[in-house]
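Colleague: Take a look at the following structure, please.
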Amino acid sequence: MSGPGSSDGGPGDDEPVGGPAVPGGREPAVLGGVAVAEAPAEADAVRHVLRRAVEDVVAACVGVDLTWWVQATTVADDLADPRPGLTGRDGLDWAFLAERGAGAPLRTMTAGALATALVDHPEHPQRPVAEVHAAWPVPTAAGPVGGLTVAVHVQRWAMYGGGADLVRVTDRLVPWLLDAATTLGAGTGFVTLDRVRADDAESPWERVVGSSPGRRDLRRRLWGHGWGTLLGPEHLRAVGGEAALRALPGIRLRPAGDLVWATLGDDLAAVTPGDVARLRAVLEPALAPGTRTVEEFRREVAETGSPERYVV
């Protein structure tokens, strides 16, 4: 992302998260989701959670005309098969997703919304306004890996009021996320403002540090973190308990069954990378390791001149 920032290519410590659009780059979007160490057998439960995200989050927050599509892929699909309609349909065809979920084990299930005015402009960064996406564990000879992840993103520009009021969005997103965690048995999740999309294989944290989704240890490691972070008992023990979190300025803690939902204040729009850095210092023992540090990532971004900017 262009705009003011620190000399290492990352945002300044006191600069609000998000920022202006970058031509050719990705749009800032509110992203939230949960991850489950072991996927539930019922695809219908996941479909229900995705539908709630569409109806309770996206429909309530987006102020532009949308054109929807759905897709579901199974382990039996030949994804190179060019036949139209094999894995997807136009519109919010929940019956089609139910039918797909009743067949071979699923790989993914998605409902996506395009800005209707930009449907014929596939390269425009504001075209993919919103998406709800579930990805099942990847089957391997040693067993499934990666866990089940369910996420939703909504581009900020398309929200009512241009996304100036993100409290209105998180007031919808957080109840959905906590309900999804209960429904699916999730043990970790997060809400942030970033340029990672719901259908990206990695969470923002995984992308930054180069942590492979196939090596996730969701029982011991968080899937991601941000303005809102959902922690399970093992994560809490690793970071030193709720007392360690309460030492952070402005932190809010809320019980969610045997999980804890932690937020950096009330307003996602007011969170700075400095706030997230202080949170990350506490969460570090529960964050997934990767192949590079945050500082190395920022240097790589600065050296390549990439317009991408992540809240790390």
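Labels for the structure tokens follow display order: chains A, B, ..., residues from 1 in each chain, ligands from 1.
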Considering only C-alpha atoms, give me a table of residues in stretch 28-80 of chain A that are at most 7 Å from stretch 140-161 of chain A, with the closest atom pair and distance in Å for each, as JSON lines.

Modeller:
{"residue": "A:Pro28", "atom": "CA", "partner": "A:Gln155", "partner_atom": "CA", "distance": 5.9}
{"residue": "A:Ala29", "atom": "CA", "partner": "A:Gln155", "partner_atom": "CA", "distance": 3.9}
{"residue": "A:Val30", "atom": "CA", "partner": "A:Val154", "partner_atom": "CA", "distance": 5.4}
{"residue": "A:Leu31", "atom": "CA", "partner": "A:His153", "partner_atom": "CA", "distance": 4.3}
{"residue": "A:Gly32", "atom": "CA", "partner": "A:Ala151", "partner_atom": "CA", "distance": 5.6}
{"residue": "A:Gly33", "atom": "CA", "partner": "A:Ala151", "partner_atom": "CA", "distance": 3.9}
{"residue": "A:Val34", "atom": "CA", "partner": "A:Val150", "partner_atom": "CA", "distance": 5.5}
{"residue": "A:Ala35", "atom": "CA", "partner": "A:Thr149", "partner_atom": "CA", "distance": 4.3}
{"residue": "A:Val36", "atom": "CA", "partner": "A:Leu148", "partner_atom": "CA", "distance": 5.0}
{"residue": "A:Ala37", "atom": "CA", "partner": "A:Gly147", "partner_atom": "CA", "distance": 4.7}
{"residue": "A:Glu38", "atom": "CA", "partner": "A:Gly147", "partner_atom": "CA", "distance": 5.7}
{"residue": "A:Ala39", "atom": "CA", "partner": "A:Leu148", "partner_atom": "CA", "distance": 5.2}
{"residue": "A:Ala53", "atom": "CA", "partner": "A:Val152", "partner_atom": "CA", "distance": 6.9}
{"residue": "A:Val58", "atom": "CA", "partner": "A:Val154", "partner_atom": "CA", "distance": 6.8}
{"residue": "A:Cys61", "atom": "CA", "partner": "A:Met159", "partner_atom": "CA", "distance": 5.4}
{"residue": "A:Val62", "atom": "CA", "partner": "A:Met159", "partner_atom": "CA", "distance": 4.2}
{"residue": "A:Gly63", "atom": "CA", "partner": "A:Tyr160", "partner_atom": "CA", "distance": 4.7}
{"residue": "A:Val64", "atom": "CA", "partner": "A:Ala158", "partner_atom": "CA", "distance": 6.0}

Colleague: Of the candidates A:Pro233, A:Gly163, A:Gly274, A:Pro128, which one gets nearest to A:Leu248 if we count only C-alpha atoms?

Modeller: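 The closest residue to A:Leu248 is A:Gly274.
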
Colleague: Which of these, A:Met109, A:Val138, A:Gly232, A:Arg237, has the shortest distance to A:Gly185 once you count only C-alpha atoms?

Modeller: A:Gly232

Colleague: Would you list, as a PyMOL selection string, the residues of stretch 83-220 of chain A that end up in strand (DSSP E) under DSSP run on this structure's backbone?

Modeller: chain A and resi 88-90+106-115+128-135+148-155+188-194

Colleague: Under the rule that only C-alpha atoms are counted, which of A:His121, A:His225, A:Arg89, A:Arg107 is the nearest residue to A:Pro204?

Modeller: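 Result for the nearest residue to A:Pro204: A:His225.
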